Amino acid sequence: MGDSKTHYEHKVSLLAGYAVQIRHNALEAARVAANKVLADRMGETGYLLNLCVYPHVVLRENRMIATAGADRLQEGMRRAFGKPSGRAARLRADQAILSVYVNKDAVEHAKKALAIGAGKLPSQCRIIVEKLA
């Protein structure tokens with residue numbers, strides 16, 4: 001999101017603290033929160049926001065009925081493959097989740113936006129800043 005045609009001086013990345021599995025709705029919440037802060041502070045063309053992971057893993061759930069008379073409808077763990085209930089991305093420790101490309105004057109805004117986005121994720125995260133050549 002943002003302006004992909006501009007050359008930026010710095011890359012600010014949000015890294016996973018440890019190996020974790022993150023659901024697709026948590027990734028979307030982090031992306032929306034970070035993008036809102038960036039757009040409010042720098043406008044639509046002052047940054048480039050990339051989501052670095054994709055939720056490939058299909059999560060399945062073997063739903064059980066918990067009402068009266070349900071004992072005749074359930075089969076327990078027999079044929080318990082489950083129905084898809086969502087998707088998730090599996091991350092390694094120190095793998096980038098979000099990356100923001102900005103110029104020197106906007107590095108602090110990018111760090112603030114990624115810190116807000118990190119609050120939506122189920123992992124401890126850290127933020128690093130790299131100077132691009």
# chains A, B, ... in the order shown; residues from 1 in each chain; ligands from 1
call {"tool": "closest_atom_pairs", "arguments": {"of": "range 49-88 of chain A", "to": "range 19-33 of chain A", "cutoff": "10 Å", "atoms": "only C-alpha atoms", "output": "CSV"}}
result
residue,atom,partner,partner_atom,distance
A:Leu49,CA,A:Arg31,CA,8.5
A:Asn50,CA,A:Arg31,CA,8.7
A:Leu51,CA,A:Arg31,CA,7.2
A:Val53,CA,A:Leu27,CA,8.7
A:Tyr54,CA,A:His24,CA,8.2
A:Pro55,CA,A:His24,CA,5.9
A:His56,CA,A:His24,CA,9.3
A:Val57,CA,A:Arg23,CA,9.1
A:Val58,CA,A:Arg23,CA,9.7
A:Leu59,CA,A:Arg23,CA,8.9
A:Gly86,CA,A:His24,CA,7.3
A:Arg87,CA,A:His24,CA,5.7
A:Ala88,CA,A:Arg23,CA,4.1
call {"tool": "closest_atom_pairs", "arguments": {"of": "range 36-109 of chain A", "to": "range 9-17 of chain A", "cutoff": "8 Å", "atoms": "only C-alpha atoms", "output": "CSV"}}
result
residue,atom,partner,partner_atom,distance
A:Leu91,CA,A:Ala16,CA,7.3
A:Arg92,CA,A:Ala16,CA,7.3
A:Ala93,CA,A:Gly17,CA,5.6
A:Asp94,CA,A:Ala16,CA,5.0
A:Gln95,CA,A:Leu15,CA,5.3
A:Ala96,CA,A:Leu15,CA,4.4
A:Ile97,CA,A:Leu14,CA,5.6
A:Leu98,CA,A:Leu14,CA,5.2
A:Ser99,CA,A:Ser13,CA,4.3
A:Val100,CA,A:Val12,CA,5.1
A:Tyr101,CA,A:Lys11,CA,4.5
A:Val102,CA,A:His10,CA,5.4
A:Asn103,CA,A:Glu9,CA,4.8
A:Lys104,CA,A:Glu9,CA,6.3
A:Val107,CA,A:Val12,CA,7.3
call {"tool": "closest_residue", "arguments": {"among": "A:Lys120, A:Lys111, A:Lys5, A:Arg63", "to": "Pro84 in chain A", "atoms": "only C-alpha atoms"}}
result
A:Arg63
call {"tool": "closest_residue", "arguments": {"among": "A:Leu38, A:Leu121, A:Ala66, A:Glu61", "to": "Lys83 in chain A", "atoms": "only C-alpha atoms"}}
result
A:Glu61
call {"tool": "select_by_dssp", "arguments": {"residues": "range 2-100 of chain A", "states": "alpha helix (DSSP H)", "output": "JSON, numbers by chain"}}
result
{"A": [24, 25, 26, 27, 28, 29, 30, 31, 32, 33, 34, 35, 36, 37, 38, 39, 40, 41, 42]}
call {"tool": "write_last_selection", "arguments": {"atoms": "C-alpha atoms", "output": "PDB file, in the first residue's frame"}}
result
ATOM      1  CA  HIS A  24      -5.435 -14.259   8.491  1.00  0.00           C
ATOM      2  CA  ASN A  25      -7.725 -11.916  10.412  1.00  0.00           C
ATOM      3  CA  ALA A  26      -4.895 -10.874  12.769  1.00  0.00           C
ATOM      4  CA  LEU A  27      -2.648 -10.115   9.780  1.00  0.00           C
ATOM      5  CA  GLU A  28      -5.401  -8.034   8.202  1.00  0.00           C
ATOM      6  CA  ALA A  29      -6.009  -6.141  11.452  1.00  0.00           C
ATOM      7  CA  ALA A  30      -2.297  -5.315  11.759  1.00  0.00           C
ATOM      8  CA  ARG A  31      -2.132  -4.173   8.125  1.00  0.00           C
ATOM      9  CA  VAL A  32      -5.198  -1.934   8.439  1.00  0.00           C
ATOM     10  CA  ALA A  33      -4.009  -0.368  11.712  1.00  0.00           C
ATOM     11  CA  ALA A  34      -0.504   0.343  10.412  1.00  0.00           C
ATOM     12  CA  ASN A  35      -1.783   1.709   7.107  1.00  0.00           C
ATOM     13  CA  LYS A  36      -4.218   4.053   8.843  1.00  0.00           C
ATOM     14  CA  VAL A  37      -1.474   5.587  10.988  1.00  0.00           C
ATOM     15  CA  LEU A  38       0.849   5.945   7.984  1.00  0.00           C
ATOM     16  CA  ALA A  39      -1.827   7.518   5.773  1.00  0.00           C
ATOM     17  CA  ASP A  40      -2.848   9.973   8.501  1.00  0.00           C
ATOM     18  CA  ARG A  41       0.725  11.070   9.233  1.00  0.00           C
ATOM     19  CA  MET A  42       2.330  11.014   5.754  1.00  0.00           C
TER      20      MET A  42
END
call {"tool": "select_by_dssp", "arguments": {"residues": "chain A", "states": "strand (DSSP E)", "output": "PyMOL selection string"}}
result
chain A and resi 10-16+20-23+48-51+57-61+83-91+96-102+125-131
call {"tool": "closest_residue", "arguments": {"among": "A:Arg90, A:Arg60, A:Tyr47, A:Ala80", "to": "Ser123 in chain A", "atoms": "only C-alpha atoms"}}
result
A:Arg90
call {"tool": "decode", "arguments": {"residues": "range 69-101 of chain A", "atoms": "N, CA and C atoms", "output": "CSV table (one decimal), in the first residue's frame"}}
result
chain,number,residue,atom,x,y,z
A,69,GLY,N,-29.5,-34.2,23.3
A,69,GLY,CA,-29.8,-35.2,22.2
A,69,GLY,C,-28.7,-35.2,21.2
A,70,ALA,N,-27.6,-34.5,21.5
A,70,ALA,CA,-26.5,-34.5,20.5
A,70,ALA,C,-25.7,-35.8,20.5
A,71,ASP,N,-25.8,-36.6,21.5
A,71,ASP,CA,-25.0,-37.8,21.5
A,71,ASP,C,-25.4,-38.8,20.4
A,72,ARG,N,-26.6,-38.7,19.8
A,72,ARG,CA,-26.9,-39.6,18.7
A,72,ARG,C,-26.4,-39.0,17.3
A,73,LEU,N,-26.0,-37.7,17.3
A,73,LEU,CA,-25.6,-37.1,16.0
A,73,LEU,C,-24.1,-37.1,15.8
A,74,GLN,N,-23.3,-37.2,16.9
A,74,GLN,CA,-21.9,-37.1,16.8
A,74,GLN,C,-21.3,-38.4,16.7
A,75,GLU,N,-20.1,-38.4,16.0
A,75,GLU,CA,-19.3,-39.6,15.9
A,75,GLU,C,-18.0,-39.5,16.6
A,76,GLY,N,-17.8,-38.5,17.4
A,76,GLY,CA,-16.5,-38.3,18.1
A,76,GLY,C,-15.3,-38.1,17.2
A,77,MET,N,-14.3,-38.9,17.3
A,77,MET,CA,-13.1,-38.7,16.5
A,77,MET,C,-13.1,-39.6,15.2
A,78,ARG,N,-14.2,-40.3,15.0
A,78,ARG,CA,-14.3,-41.1,13.7
A,78,ARG,C,-14.4,-40.1,12.5
A,79,ARG,N,-13.6,-40.3,11.5
A,79,ARG,CA,-13.6,-39.4,10.3
A,79,ARG,C,-13.6,-37.9,10.7
A,80,ALA,N,-12.6,-37.6,11.5
A,80,ALA,CA,-12.6,-36.2,12.1
A,80,ALA,C,-11.6,-35.3,11.3
A,81,PHE,N,-11.8,-35.3,10.0
A,81,PHE,CA,-10.9,-34.4,9.2
A,81,PHE,C,-11.2,-32.9,9.5
A,82,GLY,N,-12.5,-32.6,9.7
A,82,GLY,CA,-12.9,-31.3,10.0
A,82,GLY,C,-13.2,-30.4,8.8
A,83,LYS,N,-13.8,-29.3,9.1
A,83,LYS,CA,-14.2,-28.4,8.0
A,83,LYS,C,-13.3,-27.1,8.1
A,84,PRO,N,-13.0,-26.5,7.0
A,84,PRO,CA,-12.1,-25.3,7.0
A,84,PRO,C,-12.7,-24.2,7.9
A,85,SER,N,-11.9,-23.6,8.8
A,85,SER,CA,-12.5,-22.6,9.6
A,85,SER,C,-11.6,-21.3,9.5
A,86,GLY,N,-10.6,-21.3,8.7
A,86,GLY,CA,-9.8,-20.1,8.5
A,86,GLY,C,-8.4,-20.5,7.9
A,87,ARG,N,-7.6,-19.5,7.8
A,87,ARG,CA,-6.2,-19.7,7.2
A,87,ARG,C,-5.2,-19.0,8.2
A,88,ALA,N,-4.0,-19.5,8.1
A,88,ALA,CA,-2.9,-18.9,8.9
A,88,ALA,C,-1.6,-18.9,8.2
A,89,ALA,N,-0.7,-18.1,8.6
A,89,ALA,CA,0.7,-18.0,8.1
A,89,ALA,C,1.6,-18.5,9.2
A,90,ARG,N,2.5,-19.4,8.9
A,90,ARG,CA,3.5,-19.9,9.8
A,90,ARG,C,4.8,-19.1,9.7
A,91,LEU,N,5.3,-18.6,10.8
A,91,LEU,CA,6.4,-17.8,10.7
A,91,LEU,C,7.5,-18.4,11.6
A,92,ARG,N,8.8,-18.1,11.1
A,92,ARG,CA,9.9,-18.5,11.9
A,92,ARG,C,10.3,-17.3,12.8
A,93,ALA,N,11.2,-17.5,13.7
A,93,ALA,CA,11.7,-16.5,14.6
A,93,ALA,C,12.4,-15.5,13.7
A,94,ASP,N,12.2,-14.2,14.0
A,94,ASP,CA,12.9,-13.1,13.2
A,94,ASP,C,12.5,-13.0,11.8
A,95,GLN,N,11.4,-13.5,11.4
A,95,GLN,CA,10.9,-13.4,10.0
A,95,GLN,C,10.1,-12.1,9.9
A,96,ALA,N,10.2,-11.4,8.8
A,96,ALA,CA,9.5,-10.1,8.6
A,96,ALA,C,8.0,-10.3,8.4
A,97,ILE,N,7.2,-9.6,9.1
A,97,ILE,CA,5.8,-9.6,8.9
A,97,ILE,C,5.3,-8.4,8.1
A,98,LEU,N,5.7,-7.2,8.5
A,98,LEU,CA,5.4,-6.0,7.7
A,98,LEU,C,6.6,-5.2,7.5
A,99,SER,N,6.7,-4.6,6.3
A,99,SER,CA,7.8,-3.7,6.0
A,99,SER,C,7.3,-2.4,5.5
A,100,VAL,N,7.9,-1.3,6.0
A,100,VAL,CA,7.5,0.0,5.5
A,100,VAL,C,8.8,0.7,4.9
A,101,TYR,N,8.7,1.2,3.7
A,101,TYR,CA,9.7,2.0,3.1
A,101,TYR,C,9.4,3.4,3.2
